[in-house]
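Enquirer: Here's a structure for you.
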Amino acid sequence: MRRPAPPRPAPGRTAPFLSALAATALLLTACGTEHDGAANTGVGGSESPTRTQVDDPGKDGVRVTSLTLPSPSPSPTRSYSVSADSLPKDSGIVAAYEVVNKGTETLTYTVIITFMSADGGAMANQTVTVRDVGPGKTVRGTVRAGVLPLTTPRVTGAKVLEVTKVPSNEAPAAAGTCPASGIRVSADRGDAAMGLRVVGLHLDNCGTRDYSVDGYPVLELLDDDLQHVDGIKILDGGGGIAPGGVNDKPAGPVTLKPGESALATLVWRNTTQFGTAVNVPYVRVRAKVGAAPVIVTPNLDLGTTGKLGVTAWRAAED
């Protein structure tokens, strides 16, 4: 006796069932899967950057206007990371800024912009120099946060931390350029220990002729408004500040051939006792009497000492 064959699905119902499966798979594919690591941190990932406005009150006419982040949904709890076989890469974070000169002369600005996490902690500081901003003019630019440590919390904001500005005709020359005088004057970032402060002054002969100095740089101390600061005694040498001096050499002639350099050192203490502490943000430096002035920004926190030492020029190889 033959048994009846099992019933077959109706052909008309198969196509809708397969179509539903395909639609479900497509929906799952579109939703994607979230992964920790480069793809979601923006360090080497492929997500589109997002730009957000920044509420930065700014300083001295300089403010951050927006922040571009590599991820569309920054999270303060995530950390930047890369795969184990990768090197750290640029974070992809960019701050846009604007500089408005509200003064009456052309200025060169040095601006420190700090990149912050959600709790306000500073994750990175970057310095930019904006040259030759005319009176009433606005200049815009961008600065990158650069490479951040792998454990850095995600950056969510940026602001102007510090601004210094000097007349452009007295600003230190840009790196790789040489003023018409053939002499480049600059200050380094200095050092501090046990209340003793030192900042190096650098004199580079970037011209085509020999240049001679004899003795000490000529200094003028300036306040925030670039006005002369009274009441500070400038001492020859560092012996009056630190026993034995700091980088002291006997004053004498130094001749620099093209490409050669000389050094001098500013020396002070930030001791504060009775009286009002004095801070000197700017110093106008002349390599010698009659030389073109250059304004540097060593930010001298002189306390109540009332004195600053400066060593004589010495050849850099010394």
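Identifiers in this document derive from the order of the structure tokens: chains are assigned A, B, ..., residues are numbered from 1 separately in each chain, and ligands are numbered from 1 in order of occurrence.
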Please give the complete set of residues from region 216-297 of chain A that DSSP, run on the backbone, assigns to strand (DSSP E or B), formatted as a ChimeraX atom specification.
Expert: /A:218-222,228,233-236,253-256,261-269,278-280,282-286,294-296
Enquirer: Quick one: everything within 6 Å of region 304-309 of chain A, counting only C-alpha atoms, minus sequence neighbours fewer than 6 positions away in the same chain. Send it as a list in words.
Expert: Ile232, Lys233, Ile234, Leu235, Asp236, Gly237, Gly238, Leu266, Val267, Trp268, Thr272 and Ala277 of chain A
Enquirer: Since we have the selection now, will you write its residues out, keeping all heavy atoms, as a PDB file, in the first residue's frame?
Expert:
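The result, written out as selection19.pdb:
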```
ATOM      1  N   ILE A 232      63.622  97.944  39.233  1.00  0.00           N
ATOM      2  CA  ILE A 232      64.374  96.699  39.147  1.00  0.00           C
ATOM      3  C   ILE A 232      65.819  97.025  38.761  1.00  0.00           C
ATOM      4  O   ILE A 232      66.065  97.708  37.767  1.00  0.00           O
ATOM      5  CB  ILE A 232      63.771  95.731  38.111  1.00  0.00           C
ATOM      6  CG1 ILE A 232      62.305  95.455  38.433  1.00  0.00           C
ATOM      7  CG2 ILE A 232      64.575  94.441  38.063  1.00  0.00           C
ATOM      8  CD1 ILE A 232      62.078  94.798  39.767  1.00  0.00           C
ATOM      9  N   LYS A 233      66.760  96.536  39.550  1.00  0.00           N
ATOM     10  CA  LYS A 233      68.170  96.768  39.269  1.00  0.00           C
ATOM     11  C   LYS A 233      68.706  95.632  38.405  1.00  0.00           C
ATOM     12  O   LYS A 233      68.579  94.456  38.751  1.00  0.00           O
ATOM     13  CB  LYS A 233      68.962  96.858  40.568  1.00  0.00           C
ATOM     14  CG  LYS A 233      70.416  97.256  40.366  1.00  0.00           C
ATOM     15  CD  LYS A 233      71.125  97.450  41.699  1.00  0.00           C
ATOM     16  CE  LYS A 233      72.568  97.914  41.489  1.00  0.00           C
ATOM     17  NZ  LYS A 233      73.255  98.121  42.789  1.00  0.00           N
ATOM     18  N   ILE A 234      69.304  95.976  37.264  1.00  0.00           N
ATOM     19  CA  ILE A 234      69.883  94.982  36.370  1.00  0.00           C
ATOM     20  C   ILE A 234      71.372  94.877  36.672  1.00  0.00           C
ATOM     21  O   ILE A 234      72.123  95.854  36.537  1.00  0.00           O
ATOM     22  CB  ILE A 234      69.632  95.341  34.895  1.00  0.00           C
ATOM     23  CG1 ILE A 234      68.125  95.378  34.629  1.00  0.00           C
ATOM     24  CG2 ILE A 234      70.310  94.327  33.975  1.00  0.00           C
ATOM     25  CD1 ILE A 234      67.752  95.803  33.217  1.00  0.00           C
ATOM     26  N   LEU A 235      71.807  93.705  37.101  1.00  0.00           N
ATOM     27  CA  LEU A 235      73.175  93.472  37.544  1.00  0.00           C
ATOM     28  C   LEU A 235      73.997  92.838  36.430  1.00  0.00           C
ATOM     29  O   LEU A 235      73.498  91.972  35.684  1.00  0.00           O
ATOM     30  CB  LEU A 235      73.193  92.547  38.762  1.00  0.00           C
ATOM     31  CG  LEU A 235      72.290  92.928  39.943  1.00  0.00           C
ATOM     32  CD1 LEU A 235      72.364  91.836  41.012  1.00  0.00           C
ATOM     33  CD2 LEU A 235      72.691  94.277  40.514  1.00  0.00           C
ATOM     34  N   ASP A 236      75.264  93.239  36.327  1.00  0.00           N
ATOM     35  CA  ASP A 236      76.192  92.584  35.407  1.00  0.00           C
ATOM     36  C   ASP A 236      76.643  91.270  36.026  1.00  0.00           C
ATOM     37  O   ASP A 236      77.246  91.239  37.110  1.00  0.00           O
ATOM     38  CB  ASP A 236      77.409  93.473  35.140  1.00  0.00           C
ATOM     39  CG  ASP A 236      77.064  94.691  34.293  1.00  0.00           C
ATOM     40  OD1 ASP A 236      75.991  94.673  33.659  1.00  0.00           O
ATOM     41  OD2 ASP A 236      77.862  95.654  34.270  1.00  0.00           O
ATOM     42  N   GLY A 237      76.337  90.163  35.370  1.00  0.00           N
ATOM     43  CA  GLY A 237      76.704  88.854  35.876  1.00  0.00           C
ATOM     44  C   GLY A 237      75.663  88.288  36.808  1.00  0.00           C
ATOM     45  O   GLY A 237      74.753  88.981  37.265  1.00  0.00           O
ATOM     46  N   GLY A 238      75.816  86.985  37.115  1.00  0.00           N
ATOM     47  CA  GLY A 238      74.851  86.316  37.986  1.00  0.00           C
ATOM     48  C   GLY A 238      75.306  86.166  39.412  1.00  0.00           C
ATOM     49  O   GLY A 238      74.589  85.585  40.233  1.00  0.00           O
ATOM     50  N   LEU A 266      69.917  85.284  31.498  1.00  0.00           N
ATOM     51  CA  LEU A 266      69.178  86.050  32.502  1.00  0.00           C
ATOM     52  C   LEU A 266      69.052  85.179  33.752  1.00  0.00           C
ATOM     53  O   LEU A 266      68.696  83.993  33.667  1.00  0.00           O
ATOM     54  CB  LEU A 266      67.786  86.418  31.996  1.00  0.00           C
ATOM     55  CG  LEU A 266      67.709  87.228  30.704  1.00  0.00           C
ATOM     56  CD1 LEU A 266      66.248  87.492  30.340  1.00  0.00           C
ATOM     57  CD2 LEU A 266      68.474  88.529  30.819  1.00  0.00           C
ATOM     58  N   VAL A 267      69.339  85.754  34.918  1.00  0.00           N
ATOM     59  CA  VAL A 267      69.341  84.997  36.173  1.00  0.00           C
ATOM     60  C   VAL A 267      68.544  85.784  37.213  1.00  0.00           C
ATOM     61  O   VAL A 267      68.780  86.985  37.399  1.00  0.00           O
ATOM     62  CB  VAL A 267      70.779  84.780  36.704  1.00  0.00           C
ATOM     63  CG1 VAL A 267      70.755  83.834  37.893  1.00  0.00           C
ATOM     64  CG2 VAL A 267      71.695  84.263  35.606  1.00  0.00           C
ATOM     65  N   TRP A 268      67.619  85.131  37.911  1.00  0.00           N
ATOM     66  CA  TRP A 268      66.863  85.803  38.969  1.00  0.00           C
ATOM     67  C   TRP A 268      66.289  84.777  39.939  1.00  0.00           C
ATOM     68  O   TRP A 268      66.333  83.576  39.702  1.00  0.00           O
ATOM     69  CB  TRP A 268      65.752  86.665  38.377  1.00  0.00           C
ATOM     70  CG  TRP A 268      64.558  85.918  37.845  1.00  0.00           C
ATOM     71  CD1 TRP A 268      63.361  85.699  38.463  1.00  0.00           C
ATOM     72  CD2 TRP A 268      64.437  85.301  36.546  1.00  0.00           C
ATOM     73  NE1 TRP A 268      62.502  84.989  37.653  1.00  0.00           N
ATOM     74  CE2 TRP A 268      63.137  84.735  36.477  1.00  0.00           C
ATOM     75  CE3 TRP A 268      65.284  85.161  35.445  1.00  0.00           C
ATOM     76  CZ2 TRP A 268      62.687  84.042  35.354  1.00  0.00           C
ATOM     77  CZ3 TRP A 268      64.841  84.468  34.330  1.00  0.00           C
ATOM     78  CH2 TRP A 268      63.551  83.919  34.289  1.00  0.00           C
ATOM     79  N   THR A 272      59.671  85.948  47.480  1.00  0.00           N
ATOM     80  CA  THR A 272      58.663  86.949  47.854  1.00  0.00           C
ATOM     81  C   THR A 272      58.703  87.139  49.364  1.00  0.00           C
ATOM     82  O   THR A 272      58.473  86.198  50.129  1.00  0.00           O
ATOM     83  CB  THR A 272      57.255  86.508  47.420  1.00  0.00           C
ATOM     84  OG1 THR A 272      57.241  86.328  46.009  1.00  0.00           O
ATOM     85  CG2 THR A 272      56.221  87.553  47.799  1.00  0.00           C
ATOM     86  N   ALA A 277      55.073  91.826  44.848  1.00  0.00           N
ATOM     87  CA  ALA A 277      55.812  91.033  43.866  1.00  0.00           C
ATOM     88  C   ALA A 277      55.727  91.684  42.490  1.00  0.00           C
ATOM     89  O   ALA A 277      54.705  92.276  42.124  1.00  0.00           O
ATOM     90  CB  ALA A 277      55.256  89.616  43.818  1.00  0.00           C
TER      91      ALA A 277
END
```
Enquirer: Pick out the closest residue to Thr271 (chain A) from this set: A:Ala171, A:Leu196, A:Cys206, A:Val213. Count only C-alpha atoms.
Expert: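 Under the stated criterion, the closest residue is A:Leu196.
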Enquirer: Go through A:Gln273, A:Thr110, A:Thr164, A:Thr52 one by one, measure the shortest atom-to-atom distance of each to Leu226 (chain A) using only C-alpha atoms, and give the residue with the smallest value.
Expert: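 Among the listed residues, A:Thr164 lies closest to Leu226 (chain A).
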Enquirer: Would you mind reading off the distance between CA of Gly146 (chain A) and CA of Ala158 (chain A), one decimal, in Å?
Expert: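 Going from CA of Gly146 (chain A) over to CA of Ala158 (chain A), I get 13.4 Å.
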Enquirer: Mind checking which residues fall within 12 Å of Arg209 (chain A), counting only C-alpha atoms, ignoring those fewer than 5 positions away in the same chain, and posting them as a list in words?
Expert: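 Using only C-alpha atoms, the neighbours found are Ser181, Gly182, Ile183, Asp204, Thr255, Leu256, Lys257, Pro258, Gly259 and Glu260 of chain A.
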Enquirer: Using only N, CA and C atoms, please write the residues we just selected to a file, as a PDB file, in the first residue's frame.
Expert:
```
ATOM      1  N   SER A 181      69.003  93.010   9.431  1.00  0.00           N
ATOM      2  CA  SER A 181      70.225  93.298  10.181  1.00  0.00           C
ATOM      3  C   SER A 181      71.247  92.175  10.082  1.00  0.00           C
ATOM      4  N   GLY A 182      70.796  90.971   9.707  1.00  0.00           N
ATOM      5  CA  GLY A 182      71.678  89.818   9.670  1.00  0.00           C
ATOM      6  C   GLY A 182      71.884  89.172  11.032  1.00  0.00           C
ATOM      7  N   ILE A 183      71.188  89.661  12.048  1.00  0.00           N
ATOM      8  CA  ILE A 183      71.336  89.169  13.418  1.00  0.00           C
ATOM      9  C   ILE A 183      69.974  88.735  13.944  1.00  0.00           C
ATOM     10  N   ASP A 204      72.325  84.968  17.006  1.00  0.00           N
ATOM     11  CA  ASP A 204      72.782  84.195  15.847  1.00  0.00           C
ATOM     12  C   ASP A 204      73.147  85.137  14.703  1.00  0.00           C
ATOM     13  N   THR A 255      83.483  88.006  18.390  1.00  0.00           N
ATOM     14  CA  THR A 255      83.204  88.213  16.969  1.00  0.00           C
ATOM     15  C   THR A 255      82.605  86.944  16.386  1.00  0.00           C
ATOM     16  N   LEU A 256      81.426  87.104  15.798  1.00  0.00           N
ATOM     17  CA  LEU A 256      80.708  85.968  15.216  1.00  0.00           C
ATOM     18  C   LEU A 256      80.839  85.998  13.709  1.00  0.00           C
ATOM     19  N   LYS A 257      81.353  84.941  13.139  1.00  0.00           N
ATOM     20  CA  LYS A 257      81.352  84.791  11.688  1.00  0.00           C
ATOM     21  C   LYS A 257      79.967  84.329  11.252  1.00  0.00           C
ATOM     22  N   PRO A 258      79.617  84.488   9.975  1.00  0.00           N
ATOM     23  CA  PRO A 258      78.303  84.006   9.516  1.00  0.00           C
ATOM     24  C   PRO A 258      78.074  82.549   9.929  1.00  0.00           C
ATOM     25  N   GLY A 259      76.926  82.302  10.541  1.00  0.00           N
ATOM     26  CA  GLY A 259      76.583  80.962  11.002  1.00  0.00           C
ATOM     27  C   GLY A 259      76.948  80.687  12.446  1.00  0.00           C
ATOM     28  N   GLU A 260      77.697  81.594  13.090  1.00  0.00           N
ATOM     29  CA  GLU A 260      78.082  81.390  14.477  1.00  0.00           C
ATOM     30  C   GLU A 260      77.108  82.080  15.424  1.00  0.00           C
TER      31      GLU A 260
END
```
Enquirer: Between A:Lys288, A:Arg154, A:Lys249, A:Lys165, single out the one closest to Tyr211 (chain A), counting only C-alpha atoms.
Expert: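 Ranked by minimum distance to Tyr211 (chain A), first place goes to A:Lys288.
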Enquirer: Residues within 9 Å of Thr104 (chain A), please, as a compact mmCIF listing (two decimals) with N, CA and C atoms, in the first residue's frame. Count only C-alpha atoms; anything in the same chain fewer than 3 positions from it doesn't count.
Expert:
```txt
# COMPACT_ATOMS: atom_id res chain seq x y z
N ASN A 101 42.94 92.07 16.04
CA ASN A 101 43.82 93.13 16.53
C ASN A 101 42.98 94.38 16.77
N GLY A 134 47.43 93.37 11.19
CA GLY A 134 47.28 94.82 11.13
C GLY A 134 46.18 95.34 12.05
N PRO A 135 46.18 96.63 12.35
CA PRO A 135 45.13 97.22 13.20
C PRO A 135 43.74 96.97 12.61
N GLY A 136 42.83 96.51 13.47
CA GLY A 136 41.46 96.26 13.03
C GLY A 136 41.29 95.01 12.18
```
Enquirer: Report as a PDB file with N, CA, C and O atoms, in the first residue's frame all protein, DNA and RNA residues lying within 7 Å of Ala95 (chain A), evaluated on only C-alpha atoms, omitting residues in the same chain fewer than 2 positions from it.
Expert:
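Below is the file that was written, out_4.pdb:
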```
ATOM      1  N   VAL A  64      39.258  80.504  20.561  1.00  0.00           N
ATOM      2  CA  VAL A  64      38.994  79.293  19.793  1.00  0.00           C
ATOM      3  C   VAL A  64      37.540  79.334  19.357  1.00  0.00           C
ATOM      4  O   VAL A  64      36.645  79.612  20.157  1.00  0.00           O
ATOM      5  N   SER A  66      36.041  76.761  17.045  1.00  0.00           N
ATOM      6  CA  SER A  66      35.443  75.449  16.839  1.00  0.00           C
ATOM      7  C   SER A  66      36.488  74.366  17.048  1.00  0.00           C
ATOM      8  O   SER A  66      37.696  74.627  17.068  1.00  0.00           O
ATOM      9  N   LEU A  67      35.988  73.142  17.211  1.00  0.00           N
ATOM     10  CA  LEU A  67      36.853  71.991  17.434  1.00  0.00           C
ATOM     11  C   LEU A  67      36.393  70.871  16.515  1.00  0.00           C
ATOM     12  O   LEU A  67      35.215  70.518  16.496  1.00  0.00           O
ATOM     13  N   THR A  68      37.314  70.339  15.732  1.00  0.00           N
ATOM     14  CA  THR A  68      37.004  69.221  14.852  1.00  0.00           C
ATOM     15  C   THR A  68      37.539  67.947  15.470  1.00  0.00           C
ATOM     16  O   THR A  68      38.734  67.840  15.771  1.00  0.00           O
ATOM     17  N   ILE A  93      42.650  65.740  15.886  1.00  0.00           N
ATOM     18  CA  ILE A  93      41.861  66.791  16.536  1.00  0.00           C
ATOM     19  C   ILE A  93      42.422  68.153  16.123  1.00  0.00           C
ATOM     20  O   ILE A  93      43.624  68.394  16.229  1.00  0.00           O
ATOM     21  N   TYR A  97      40.869  78.903  15.337  1.00  0.00           N
ATOM     22  CA  TYR A  97      40.968  80.091  16.178  1.00  0.00           C
ATOM     23  C   TYR A  97      40.894  81.345  15.315  1.00  0.00           C
ATOM     24  O   TYR A  97      41.064  81.297  14.082  1.00  0.00           O
ATOM     25  N   THR A 142      44.180  77.366  12.109  1.00  0.00           N
ATOM     26  CA  THR A 142      43.903  76.131  12.838  1.00  0.00           C
ATOM     27  C   THR A 142      45.190  75.602  13.457  1.00  0.00           C
ATOM     28  O   THR A 142      46.291  75.909  12.994  1.00  0.00           O
ATOM     29  N   VAL A 143      45.033  74.794  14.497  1.00  0.00           N
ATOM     30  CA  VAL A 143      46.168  74.142  15.144  1.00  0.00           C
ATOM     31  C   VAL A 143      45.743  72.734  15.538  1.00  0.00           C
ATOM     32  O   VAL A 143      44.625  72.516  16.004  1.00  0.00           O
ATOM     33  N   ARG A 144      46.631  71.769  15.317  1.00  0.00           N
ATOM     34  CA  ARG A 144      46.330  70.368  15.605  1.00  0.00           C
ATOM     35  C   ARG A 144      46.798  70.006  17.016  1.00  0.00           C
ATOM     36  O   ARG A 144      47.831  70.494  17.480  1.00  0.00           O
ATOM     37  N   ALA A 158      38.482  73.006  23.797  1.00  0.00           N
ATOM     38  CA  ALA A 158      39.745  73.721  23.629  1.00  0.00           C
ATOM     39  C   ALA A 158      39.526  75.176  23.990  1.00  0.00           C
ATOM     40  O   ALA A 158      38.411  75.710  23.854  1.00  0.00           O
TER      41      ALA A 158
END
```
Enquirer: Under the rule that only C-alpha atoms are counted, which of A:Asn125, A:Thr276, A:Thr311, A:Thr108 is the nearest residue to Gly252 (chain A)?
Expert: A:Thr311
Enquirer: From the set A:Ile241, A:Val100, A:Gln227, A:Asn247, which residue has the shortest atom-to-atom contact distance to Val280 (chain A), counting only C-alpha atoms?
Expert: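 Result for the nearest residue to Val280 (chain A): A:Gln227.
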Enquirer: Quick one: of A:Val278, A:Val199, A:Leu69, A:Met116, who's nearest to Gly231 (chain A), counting only C-alpha atoms?
Expert: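 Using only C-alpha atoms, the shortest distance to Gly231 (chain A) belongs to A:Val278.
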Enquirer: Could you work out how far CA of Leu203 (chain A) lies from CA of Arg184 (chain A), giving the answer in Å with one decimal?
Expert: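 Interatomic distance here is 5.8 Å.
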